[in-house]
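S.K.: PDB, C-alpha atoms and all ligand atoms, file final.pdb:
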```pdb
ATOM      1  CA  MET A   1     -11.033 -23.664  30.393
ATOM      2  CA  ASP A   2      -9.409 -20.644  31.954
ATOM      3  CA  LEU A   3     -10.404 -17.653  29.872
ATOM      4  CA  GLU A   4      -8.395 -15.152  31.904
ATOM      5  CA  ARG A   5      -5.788 -14.729  29.205
ATOM      6  CA  TYR A   6      -8.544 -13.533  26.853
ATOM      7  CA  SER A   7     -10.242 -11.281  29.417
ATOM      8  CA  ARG A   8      -9.513  -7.983  27.640
ATOM      9  CA  GLN A   9     -10.900  -9.348  24.420
ATOM     10  CA  ILE A  10     -13.990 -10.738  26.160
ATOM     11  CA  LEU A  11     -14.597  -7.282  27.641
ATOM     12  CA  PHE A  12     -14.843  -5.924  24.108
ATOM     13  CA  SER A  13     -18.605  -6.064  23.617
ATOM     14  CA  ARG A  14     -18.560  -7.226  19.992
ATOM     15  CA  ILE A  15     -16.712 -10.374  21.051
ATOM     16  CA  GLY A  16     -17.803 -11.205  24.604
ATOM     17  CA  ARG A  17     -17.668 -14.654  26.143
ATOM     18  CA  LYS A  18     -19.751 -16.262  23.408
ATOM     19  CA  GLY A  19     -17.511 -14.853  20.698
ATOM     20  CA  GLN A  20     -14.421 -16.044  22.522
ATOM     21  CA  GLU A  21     -15.830 -19.539  22.804
ATOM     22  CA  LYS A  22     -16.492 -19.535  19.064
ATOM     23  CA  LEU A  23     -12.926 -18.450  18.379
ATOM     24  CA  LEU A  24     -11.643 -21.281  20.543
ATOM     25  CA  ARG A  25     -13.642 -23.738  18.443
ATOM     26  CA  SER A  26     -12.332 -22.283  15.164
ATOM     27  CA  ALA A  27      -9.696 -23.637  12.813
ATOM     28  CA  VAL A  28      -7.667 -21.535  10.398
ATOM     29  CA  ILE A  29      -4.829 -22.098   7.993
ATOM     30  CA  ILE A  30      -2.249 -19.422   7.233
ATOM     31  CA  ILE A  31      -0.605 -19.879   3.863
ATOM     32  CA  GLY A  32       2.822 -18.273   3.870
ATOM     33  CA  CYS A  33       4.848 -17.412   6.935
ATOM     34  CA  GLY A  34       6.735 -14.311   5.884
ATOM     35  CA  ALA A  35       5.994 -10.823   7.172
ATOM     36  CA  LEU A  36       2.193 -11.051   6.848
ATOM     37  CA  GLY A  37       2.026 -14.633   8.082
ATOM     38  CA  ASN A  38       4.071 -13.748  11.165
ATOM     39  CA  VAL A  39       1.756 -10.896  12.114
ATOM     40  CA  ILE A  40      -1.413 -12.904  11.490
ATOM     41  CA  ALA A  41      -0.156 -16.011  13.323
ATOM     42  CA  ASN A  42       1.005 -13.919  16.274
ATOM     43  CA  ASN A  43      -2.356 -12.123  16.509
ATOM     44  CA  LEU A  44      -4.516 -15.207  16.059
ATOM     45  CA  ALA A  45      -2.541 -17.329  18.541
ATOM     46  CA  ARG A  46      -2.849 -14.608  21.194
ATOM     47  CA  ALA A  47      -6.547 -14.150  20.375
ATOM     48  CA  GLY A  48      -7.162 -17.838  21.098
ATOM     49  CA  ILE A  49      -8.078 -19.324  17.764
ATOM     50  CA  GLY A  50      -8.414 -22.989  18.715
ATOM     51  CA  ARG A  51      -6.488 -24.493  15.850
ATOM     52  CA  ILE A  52      -3.901 -22.777  13.669
ATOM     53  CA  LYS A  53      -2.029 -24.418  10.840
ATOM     54  CA  ILE A  54       0.930 -22.638   9.278
ATOM     55  CA  VAL A  55       2.312 -23.601   5.903
ATOM     56  CA  ASP A  56       5.504 -22.247   4.400
ATOM     57  CA  ARG A  57       8.110 -23.500   1.937
ATOM     58  CA  ASP A  58      11.034 -21.339   2.957
ATOM     59  CA  PHE A  59      13.673 -20.979   5.677
ATOM     60  CA  VAL A  60      14.673 -17.971   7.794
ATOM     61  CA  GLU A  61      17.338 -15.604   6.450
ATOM     62  CA  LEU A  62      18.969 -12.511   7.913
ATOM     63  CA  SER A  63      17.085 -10.095   5.642
ATOM     64  CA  ASP A  64      13.777 -11.428   7.045
ATOM     65  CA  LEU A  65      14.425 -10.122  10.560
ATOM     66  CA  GLN A  66      13.666  -6.516   9.598
ATOM     67  CA  ARG A  67       9.940  -7.330   9.448
ATOM     68  CA  GLN A  68       9.207 -10.957  10.358
ATOM     69  CA  ILE A  69       8.390 -10.512  14.022
ATOM     70  CA  LEU A  70       8.383 -14.139  15.161
ATOM     71  CA  PHE A  71      11.982 -14.849  14.098
ATOM     72  CA  ASP A  72      15.359 -14.060  15.649
ATOM     73  CA  GLU A  73      19.084 -14.411  14.937
ATOM     74  CA  GLU A  74      19.165 -17.910  16.375
ATOM     75  CA  ASP A  75      16.616 -19.064  13.742
ATOM     76  CA  VAL A  76      18.817 -17.565  11.007
ATOM     77  CA  LYS A  77      21.904 -19.305  12.363
ATOM     78  CA  LYS A  78      20.099 -22.649  12.426
ATOM     79  CA  ARG A  79      18.477 -21.978   9.035
ATOM     80  CA  LEU A  80      15.192 -23.217  10.421
ATOM     81  CA  PRO A  81      12.223 -23.581   8.117
ATOM     82  CA  LYS A  82       9.930 -20.592   8.736
ATOM     83  CA  ALA A  83       6.953 -22.752   9.669
ATOM     84  CA  ILE A  84       9.024 -24.548  12.351
ATOM     85  CA  ALA A  85      10.595 -21.358  13.731
ATOM     86  CA  ALA A  86       7.134 -19.757  13.938
ATOM     87  CA  LEU A  87       5.665 -22.850  15.588
ATOM     88  CA  ASN A  88       8.415 -22.856  18.250
ATOM     89  CA  LYS A  89       7.727 -19.226  19.086
ATOM     90  CA  LEU A  90       3.926 -19.532  19.036
ATOM     91  CA  LYS A  91       4.008 -22.498  21.439
ATOM     92  CA  LYS A  92       5.669 -20.237  23.997
ATOM     93  CA  ILE A  93       3.046 -17.553  23.404
ATOM     94  CA  ASN A  94      -0.009 -19.788  23.748
ATOM     95  CA  SER A  95       0.409 -23.409  24.739
ATOM     96  CA  SER A  96      -3.339 -23.951  25.207
ATOM     97  CA  ILE A  97      -4.295 -23.971  21.508
ATOM     98  CA  ARG A  98      -3.522 -26.506  18.792
ATOM     99  CA  LEU A  99      -0.682 -25.398  16.542
ATOM    100  CA  GLU A 100       0.555 -27.198  13.457
ATOM    101  CA  ALA A 101       3.319 -26.465  10.962
ATOM    102  CA  GLU A 102       3.858 -27.831   7.468
ATOM    103  CA  VAL A 103       7.109 -27.235   5.591
ATOM    104  CA  LEU A 104       5.981 -27.470   2.005
ATOM    105  CA  SER A 105       5.065 -25.583  -1.107
ATOM    106  CA  VAL A 106       1.313 -25.091  -1.553
ATOM    107  CA  GLU A 107       0.423 -26.546  -4.915
ATOM    108  CA  PRO A 108      -2.552 -27.840  -6.914
ATOM    109  CA  ARG A 109      -1.987 -31.399  -5.747
ATOM    110  CA  ASN A 110      -1.928 -30.623  -2.010
ATOM    111  CA  ILE A 111      -4.013 -27.512  -1.374
ATOM    112  CA  GLU A 112      -7.422 -29.165  -0.982
ATOM    113  CA  LYS A 113      -6.101 -31.586   1.618
ATOM    114  CA  LEU A 114      -4.358 -28.734   3.434
ATOM    115  CA  ILE A 115      -7.407 -26.477   3.731
ATOM    116  CA  GLU A 116      -9.821 -29.307   4.565
ATOM    117  CA  GLY A 117     -11.413 -28.749   7.970
ATOM    118  CA  SER A 118     -10.421 -25.073   8.151
ATOM    119  CA  HIS A 119     -13.108 -22.443   8.636
ATOM    120  CA  LEU A 120     -10.957 -19.783   7.039
ATOM    121  CA  VAL A 121      -7.852 -19.473   4.858
ATOM    122  CA  LEU A 122      -5.505 -16.540   5.334
ATOM    123  CA  ASP A 123      -3.429 -15.508   2.379
ATOM    124  CA  ALA A 124       0.036 -14.438   3.479
ATOM    125  CA  THR A 125       1.803 -15.457   0.283
ATOM    126  CA  ASP A 126       3.996 -13.290  -1.899
ATOM    127  CA  ASN A 127       2.844 -14.319  -5.350
ATOM    128  CA  MET A 128      -0.251 -14.256  -7.535
ATOM    129  CA  GLU A 129       0.204 -17.825  -8.749
ATOM    130  CA  THR A 130      -0.510 -19.186  -5.267
ATOM    131  CA  ARG A 131      -3.311 -16.671  -4.670
ATOM    132  CA  PHE A 132      -5.147 -17.861  -7.776
ATOM    133  CA  LEU A 133      -4.695 -21.399  -6.543
ATOM    134  CA  ILE A 134      -6.139 -20.435  -3.140
ATOM    135  CA  ASN A 135      -9.016 -18.706  -4.947
ATOM    136  CA  ASP A 136      -9.836 -21.824  -6.979
ATOM    137  CA  ALA A 137      -9.595 -24.178  -3.992
ATOM    138  CA  CYS A 138     -11.596 -21.944  -1.653
ATOM    139  CA  VAL A 139     -14.385 -21.139  -4.118
ATOM    140  CA  LYS A 140     -14.651 -24.828  -5.019
ATOM    141  CA  ASN A 141     -14.747 -25.967  -1.379
ATOM    142  CA  ARG A 142     -16.777 -22.947  -0.166
ATOM    143  CA  ILE A 143     -14.211 -21.831   2.382
ATOM    144  CA  PRO A 144     -13.812 -18.077   2.997
ATOM    145  CA  TRP A 145     -10.383 -16.578   2.489
ATOM    146  CA  ILE A 146      -8.762 -13.209   3.085
ATOM    147  CA  TYR A 147      -6.459 -11.803   0.474
ATOM    148  CA  GLY A 148      -3.533  -9.696   1.668
ATOM    149  CA  GLY A 149      -0.687  -8.145  -0.297
ATOM    150  CA  VAL A 150       2.148  -5.818   0.693
ATOM    151  CA  ILE A 151       4.937  -4.049  -1.161
ATOM    152  CA  GLY A 152       6.985  -0.898  -0.584
ATOM    153  CA  SER A 153       4.654   1.187   1.552
ATOM    154  CA  THR A 154       1.423   0.020  -0.072
ATOM    155  CA  GLY A 155      -0.857  -2.810   0.871
ATOM    156  CA  MET A 156      -4.260  -4.217   0.121
ATOM    157  CA  SER A 157      -6.749  -6.704   1.416
ATOM    158  CA  MET A 158     -10.137  -8.155   0.595
ATOM    159  CA  ASN A 159     -12.476 -10.757   2.052
ATOM    160  CA  ILE A 160     -13.578 -13.446  -0.349
ATOM    161  CA  ILE A 161     -16.628 -15.342   0.823
ATOM    162  CA  PRO A 162     -17.654 -17.939  -1.774
ATOM    163  CA  GLU A 163     -21.211 -17.519  -3.071
ATOM    164  CA  LYS A 164     -21.506 -14.149  -1.340
ATOM    165  CA  THR A 165     -18.765 -11.800  -2.473
ATOM    166  CA  PRO A 166     -16.785 -11.377  -5.709
ATOM    167  CA  CYS A 167     -13.666 -13.541  -5.933
ATOM    168  CA  LEU A 168     -10.063 -12.691  -6.780
ATOM    169  CA  ARG A 169     -10.605 -13.365 -10.472
ATOM    170  CA  CYS A 170     -13.565 -10.967 -10.511
ATOM    171  CA  ILE A 171     -11.196  -8.102  -9.725
ATOM    172  CA  ILE A 172      -7.930  -9.014 -11.285
ATOM    173  CA  ASP A 173      -8.740  -8.092 -14.899
ATOM    174  CA  LYS A 174     -10.379  -4.865 -13.909
ATOM    175  CA  VAL A 175      -7.952  -3.352 -11.461
ATOM    176  CA  PRO A 176      -4.212  -3.407 -11.992
ATOM    177  CA  LEU A 177      -3.534  -4.286  -8.397
ATOM    178  CA  PRO A 178      -0.595  -2.453  -6.907
ATOM    179  CA  GLY A 179       1.298  -4.754  -4.627
ATOM    180  CA  THR A 180       0.472  -7.782  -6.687
ATOM    181  CA  LEU A 181       2.768  -7.279  -9.640
ATOM    182  CA  PRO A 182       6.070  -9.151  -9.545
ATOM    183  CA  THR A 183       8.217  -6.278  -8.343
ATOM    184  CA  CYS A 184       8.912  -6.991  -4.693
ATOM    185  CA  ASP A 185      12.511  -7.787  -5.597
ATOM    186  CA  THR A 186      13.068  -4.175  -6.598
ATOM    187  CA  ARG A 187      10.785  -2.104  -4.409
ATOM    188  CA  GLY A 188      11.517  -3.411  -0.931
ATOM    189  CA  ILE A 189       9.175  -2.919   2.016
ATOM    190  CA  ILE A 190       8.913  -0.864   5.201
ATOM    191  CA  ASN A 191       8.214  -2.855   8.336
ATOM    192  CA  PRO A 192       5.056  -1.135   9.643
ATOM    193  CA  LEU A 193       3.213  -2.183   6.484
ATOM    194  CA  PRO A 194       2.814  -5.939   7.118
ATOM    195  CA  ASN A 195       1.798  -5.097  10.706
ATOM    196  CA  VAL A 196      -1.046  -2.941   9.411
ATOM    197  CA  ILE A 197      -2.266  -5.256   6.636
ATOM    198  CA  GLY A 198      -1.763  -8.427   8.693
ATOM    199  CA  SER A 199      -3.713  -6.814  11.541
ATOM    200  CA  TRP A 200      -6.461  -5.733   9.156
ATOM    201  CA  GLN A 201      -6.692  -9.340   7.974
ATOM    202  CA  THR A 202      -6.791 -10.465  11.618
ATOM    203  CA  SER A 203      -9.788  -8.332  12.558
ATOM    204  CA  GLU A 204     -11.664  -9.467   9.460
ATOM    205  CA  ALA A 205     -10.723 -13.043  10.427
ATOM    206  CA  LEU A 206     -12.146 -12.631  13.937
ATOM    207  CA  LYS A 207     -15.426 -11.347  12.456
ATOM    208  CA  ILE A 208     -15.676 -14.144   9.892
ATOM    209  CA  LEU A 209     -14.966 -16.813  12.521
ATOM    210  CA  MET A 210     -17.565 -15.407  14.912
ATOM    211  CA  GLY A 211     -20.155 -14.976  12.188
ATOM    212  CA  ASP A 212     -20.296 -11.215  12.767
ATOM    213  CA  ASP A 213     -22.199  -9.477   9.981
ATOM    214  CA  SER A 214     -20.089  -6.302   9.863
ATOM    215  CA  LEU A 215     -17.602  -7.691   7.376
ATOM    216  CA  ASN A 216     -15.777  -5.298   5.128
ATOM    217  CA  GLN A 217     -17.186  -5.736   1.637
ATOM    218  CA  ASP A 218     -14.581  -3.732  -0.263
ATOM    219  CA  LEU A 219     -11.087  -4.048  -1.595
ATOM    220  CA  ILE A 220      -9.030  -1.813   0.657
ATOM    221  CA  TYR A 221      -5.847  -0.126  -0.437
ATOM    222  CA  LEU A 222      -3.512   1.963   1.672
ATOM    223  CA  ASP A 223      -0.217   3.742   1.306
ATOM    224  CA  LEU A 224       1.461   4.265   4.653
ATOM    225  CA  TRP A 225       4.085   6.647   3.322
ATOM    226  CA  GLN A 226       1.529   8.868   1.591
ATOM    227  CA  GLY A 227      -0.919   8.410   4.432
ATOM    228  CA  THR A 228      -3.807   7.462   2.150
ATOM    229  CA  PHE A 229      -6.550   4.872   2.491
ATOM    230  CA  LYS A 230      -9.047   3.878  -0.192
ATOM    231  CA  GLN A 231     -11.922   1.450  -0.394
ATOM    232  CA  SER A 232     -13.135   0.243  -3.786
ATOM    233  CA  HIS A 233     -16.440  -1.433  -4.155
ATOM    234  CA  ILE A 234     -16.044  -4.530  -6.338
ATOM    235  CA  THR A 235     -18.913  -6.175  -8.131
ATOM    236  CA  LYS A 236     -19.205  -9.823  -9.018
ATOM    237  CA  ARG A 237     -18.624 -10.562 -12.700
ATOM    238  CA  GLY A 238     -21.247 -12.815 -14.189
ATOM    239  CA  ASP A 239     -18.705 -14.247 -16.625
ATOM    240  CA  CYS A 240     -16.034 -14.881 -13.985
ATOM    241  CA  LEU A 241     -14.271 -18.149 -14.770
ATOM    242  CA  THR A 242     -13.942 -19.111 -11.127
ATOM    243  CA  CYS A 243     -16.997 -17.998  -9.163
ATOM    244  CA  GLY A 244     -19.291 -17.698 -12.205
ATOM    245  CA  LYS A 245     -18.428 -20.707 -14.344
ATOM    246  CA  HIS A 246     -16.737 -22.891 -11.724
ATOM    247  CA  ASP A 247     -13.785 -23.484 -14.025
ATOM    248  CA  PHE A 248     -10.966 -24.274 -11.593
ATOM    249  CA  ARG A 249      -8.140 -24.392 -14.108
ATOM    250  CA  VAL A 250      -5.302 -23.483 -11.740
ATOM    251  CA  LEU A 251      -6.345 -26.162  -9.275
ATOM    252  CA  GLU A 252      -6.766 -28.767 -11.970
ATOM    253  CA  SER A 253      -3.181 -28.571 -13.247
ATOM    254  CA  LYS A 254      -2.394 -31.268 -10.691
ATOM    255  CA  GLU A 255       0.345 -33.239 -12.329
ATOM    256  CA  ILE A 256       2.526 -30.370 -13.333
ATOM    257  CA  SER A 257       5.908 -30.090 -11.689
ATOM    258  CA  TRP A 258       5.999 -26.587 -10.340
ATOM    259  CA  VAL A 259       9.089 -24.645 -11.272
ATOM    260  CA  THR A 260       8.814 -21.133  -9.916
ATOM    261  CA  ALA A 261      11.116 -18.159  -9.680
ATOM    262  CA  LEU A 262      11.054 -16.971  -6.066
ATOM    263  CA  CYS A 263      10.159 -13.363  -5.674
ATOM    264  CA  GLY A 264      13.100 -11.170  -4.661
ATOM    265  CA  ARG A 265      15.340 -14.082  -3.823
ATOM    266  CA  ASN A 266      17.368 -14.652  -6.982
ATOM    267  CA  ALA A 267      16.224 -18.237  -6.648
ATOM    268  CA  VAL A 268      14.124 -20.877  -8.351
ATOM    269  CA  GLN A 269      12.082 -23.580  -6.661
ATOM    270  CA  ILE A 270      11.543 -26.985  -8.206
ATOM    271  CA  SER A 271       8.853 -29.132  -6.722
ATOM    272  CA  PRO A 272       8.553 -32.560  -8.326
ATOM    273  CA  PRO A 273       5.102 -34.063  -8.856
ATOM    274  CA  GLY A 274       4.208 -37.048  -6.735
ATOM    275  CA  LYS A 275       5.733 -38.149  -3.464
ATOM    276  CA  ILE A 276       9.456 -38.660  -3.278
ATOM    277  CA  ASN A 277      11.121 -39.982  -0.185
ATOM    278  CA  LEU A 278      14.573 -38.592  -0.357
ATOM    279  CA  SER A 279      17.085 -39.535   2.311
ATOM    280  CA  LEU A 280      18.868 -36.291   3.063
ATOM    281  CA  GLU A 281      21.385 -38.191   5.162
ATOM    282  CA  ASN A 282      22.432 -40.325   2.188
ATOM    283  CA  LEU A 283      22.507 -37.285  -0.051
ATOM    284  CA  HIS A 284      24.672 -35.506   2.519
ATOM    285  CA  HIS A 285      27.100 -38.384   2.371
ATOM    286  CA  THR A 286      27.209 -38.457  -1.445
ATOM    287  CA  LEU A 287      27.554 -34.710  -1.994
ATOM    288  CA  LYS A 288      30.377 -34.331   0.538
ATOM    289  CA  LYS A 289      32.774 -35.520  -2.138
ATOM    290  CA  VAL A 290      31.650 -32.862  -4.620
ATOM    291  CA  GLY A 291      31.168 -29.606  -2.743
ATOM    292  CA  GLU A 292      30.315 -27.876   0.504
ATOM    293  CA  VAL A 293      27.335 -29.527   2.151
ATOM    294  CA  SER A 294      25.476 -29.224   5.448
ATOM    295  CA  TYR A 295      22.343 -30.782   6.960
ATOM    296  CA  ASN A 296      20.351 -29.499   9.987
ATOM    297  CA  GLY A 297      17.716 -32.209  10.323
ATOM    298  CA  TYR A 298      15.155 -30.276   8.244
ATOM    299  CA  LEU A 299      16.986 -29.307   5.092
ATOM    300  CA  LEU A 300      20.229 -29.882   3.276
ATOM    301  CA  SER A 301      22.368 -27.138   1.781
ATOM    302  CA  PHE A 302      24.801 -27.836  -1.025
ATOM    303  CA  LYS A 303      27.078 -25.176  -2.534
ATOM    304  CA  ILE A 304      28.639 -25.572  -5.955
ATOM    305  CA  ASN A 305      30.019 -23.110  -8.539
ATOM    306  CA  GLY A 306      28.403 -20.070  -6.923
ATOM    307  CA  TYR A 307      24.987 -21.731  -6.632
ATOM    308  CA  GLU A 308      23.348 -23.092  -3.527
ATOM    309  CA  LEU A 309      20.856 -25.949  -3.607
ATOM    310  CA  ILE A 310      18.559 -26.230  -0.593
ATOM    311  CA  VAL A 311      16.939 -29.654  -0.531
ATOM    312  CA  PHE A 312      13.836 -30.577   1.493
ATOM    313  CA  PRO A 313      12.812 -34.163   2.375
ATOM    314  CA  GLN A 314       9.913 -34.382  -0.120
ATOM    315  CA  GLY A 315      12.318 -33.753  -2.989
ATOM    316  CA  ARG A 316      11.630 -30.049  -3.234
ATOM    317  CA  VAL A 317      14.689 -27.967  -4.065
ATOM    318  CA  ILE A 318      15.350 -24.232  -3.889
ATOM    319  CA  ILE A 319      18.216 -23.215  -6.169
ATOM    320  CA  LYS A 320      19.822 -19.938  -5.135
ATOM    321  CA  GLY A 321      21.972 -17.819  -7.395
ATOM    322  CA  THR A 322      19.811 -17.895 -10.520
ATOM    323  CA  THR A 323      16.351 -16.996 -11.784
ATOM    324  CA  ASP A 324      16.877 -19.091 -14.920
ATOM    325  CA  LYS A 325      14.578 -22.091 -14.713
ATOM    326  CA  SER A 326      16.603 -24.239 -17.101
ATOM    327  CA  ILE A 327      19.845 -23.716 -15.190
ATOM    328  CA  ALA A 328      17.978 -24.618 -12.012
ATOM    329  CA  ARG A 329      16.545 -27.752 -13.591
ATOM    330  CA  SER A 330      19.927 -28.928 -14.831
ATOM    331  CA  LEU A 331      21.648 -28.355 -11.458
ATOM    332  CA  CYS A 332      18.885 -30.331  -9.841
ATOM    333  CA  ALA A 333      19.182 -33.190 -12.307
ATOM    334  CA  LYS A 334      22.950 -33.241 -12.048
ATOM    335  CA  TYR A 335      23.425 -33.236  -8.286
ATOM    336  CA  ILE A 336      20.197 -34.389  -6.734
ATOM    337  CA  GLY A 337      19.049 -36.716  -9.485
ATOM    338  CA  LEU A 338      15.590 -35.189  -9.716
TER     339      LEU A 338
HETATM  340 ZN    ZN A 401     -15.190 -14.363  -9.444
END
```
Take the structure I supplied and represent it as structure tokens, if you would.
M.R.:
Amino acid sequence: MDLERYSRQILFSRIGRKGQEKLLRSAVIIIGCGALGNVIANNLARAGIGRIKIVDRDFVELSDLQRQILFDEEDVKKRLPKAIAALNKLKKINSSIRLEAEVLSVEPRNIEKLIEGSHLVLDATDNMETRFLINDACVKNRIPWIYGGVIGSTGMSMNIIPEKTPCLRCIIDKVPLPGTLPTCDTRGIINPLPNVIGSWQTSEALKILMGDDSLNQDLIYLDLWQGTFKQSHITKRGDCLTCGKHDFRVLESKEISWVTALCGRNAVQISPPGKINLSLENLHHTLKKVGEVSYNGYLLSFKINGYELIVFPQGRVIIKGTTDKSIARSLCAKYIGL
């Protein structure tokens, strides 16, 4: 294989040719393809990680372009799913690695299958619910993962190596984590922040994948506006439900239909349990008589009474215009029949 494209990285003595070859044999999964996921995917694809899987449940909107570096106005116009838009761009950046995209919501019933075969999981999600799920699945399957969170001008990150380091649940009761509370709808974000945290996660990822022993052991916290950086040493809790007692309660709630309010989007997502094969073409035909409907080959949009229902093939629906879960459920039942 021609390693010329990685020559500057190979020159860096801590990586070298051996390290590069290891990276090329590595497989990672990036969960979430928003601001952090874009930065991480961009970095890892250019660095030559052999296999990269991107998972995201959402589609590209205009307000994403301020910080989501892989997307452009064309993606917004086409309302492409983020995972697909990212995949298209990454293929142009590095066509010599294996890239995969999954348009779905990461849930208890699919996460173990998704992370299977990956050497590392990168957290680029925007909510604690999914992070706890990642924590359960990774500790159970002994796969390292890197937590990352961003909000306003503050961000944090931590490496979680099962059986070696504390896990997310070890820290969450102790430290009220800034950047992890559900306030991203009100506090906004400045665009250098995901570049910094996503890049921090990337360098930790390179070290983990190469087996380098200089991993960062701490929870790091920085505020770009204040110009401050802190490292907190976290200790493993003996009574931790997850890494201590191996009680994977988030992961085990497999049959629950996940109804979640989407952070900062004035929207609710409903993801039915089990597999549903919904024909979006038929639905398009049916809903035409009721309201404004469009279909782009990946998702269907239906507007009615000030709400918008975005329907994905597996029966997952994002309801925009409300954060009320019962309103969302009834709209879904009424128009989609789910
Ligand atoms: Zn723990």
S.K.: For ligand ZN 401 (chain A), list the contacting residues at 9 Å or closer, counting all atoms listed in the file, as a PyMOL selection string.
M.R.: chain A and resi 135+139+162+165-171+236-246
S.K.: Go ahead and find all residues with at least one atom no further than 12 Å from (-16.0, 2.2, -7.4) in the file's coordinates, using all atoms listed in the file; report them as a list in words.
M.R.: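 The residues that fall inside the cut-off are Ile171, Lys174, Val175, Asp218, Leu219, Ile220, Lys230, Gln231, Ser232, His233, Ile234 and Thr235 of chain A.
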S.K.: For the selection you just gave me, I'd like the residues written to a file as a compact mmCIF listing (two decimals), keeping the file's coordinate frame, keeping C-alpha atoms.
M.R.:
```txt
# COMPACT_ATOMS: atom_id res chain seq x y z
CA ILE A 171 -11.20 -8.10 -9.72
CA LYS A 174 -10.38 -4.86 -13.91
CA VAL A 175 -7.95 -3.35 -11.46
CA ASP A 218 -14.58 -3.73 -0.26
CA LEU A 219 -11.09 -4.05 -1.60
CA ILE A 220 -9.03 -1.81 0.66
CA LYS A 230 -9.05 3.88 -0.19
CA GLN A 231 -11.92 1.45 -0.39
CA SER A 232 -13.14 0.24 -3.79
CA HIS A 233 -16.44 -1.43 -4.16
CA ILE A 234 -16.04 -4.53 -6.34
CA THR A 235 -18.91 -6.18 -8.13
```
S.K.: Step by step, work through what the PyMOL selection byres (((chain A and resi 112-127) around 6) and not hetatm) selects in the shown file, and finish by giving those residues as a list in words.
M.R.: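 With the PyMOL selection byres (((chain A and resi 112-127) around 6) and not hetatm) on this model, the match is Ala27, Val28, Ile29, Ile30, Ile31, Gly32, Leu36, Gly37, Asn110, Ile111, Met128, Glu129, Thr130, Pro144, Trp145, Ile146, Tyr147 and Gly148 of chain A.
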S.K.: At what distance in Å, to one decimal, does CA of Asn43 (chain A) lie from CA of Ile190 (chain A)?
M.R.: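 These two atoms are separated by 19.5 Å.
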S.K.: To test your reading of the syntax: which residues would the PyMOL selection byres (((chain A and resi 84-101) around 8) and not hetatm) return for the file shown? Reply as a PyMOL selection string.
M.R.: chain A and resi 24+33+38+41-42+45-46+48-55+60+70-71+75+80-83+102-103
S.K.: Pick from A:Ser253, A:Gln201, A:Thr154, A:Gln9: nearest to Val39 (chain A), with all atoms listed in the file counted?
M.R.: A:Gln201
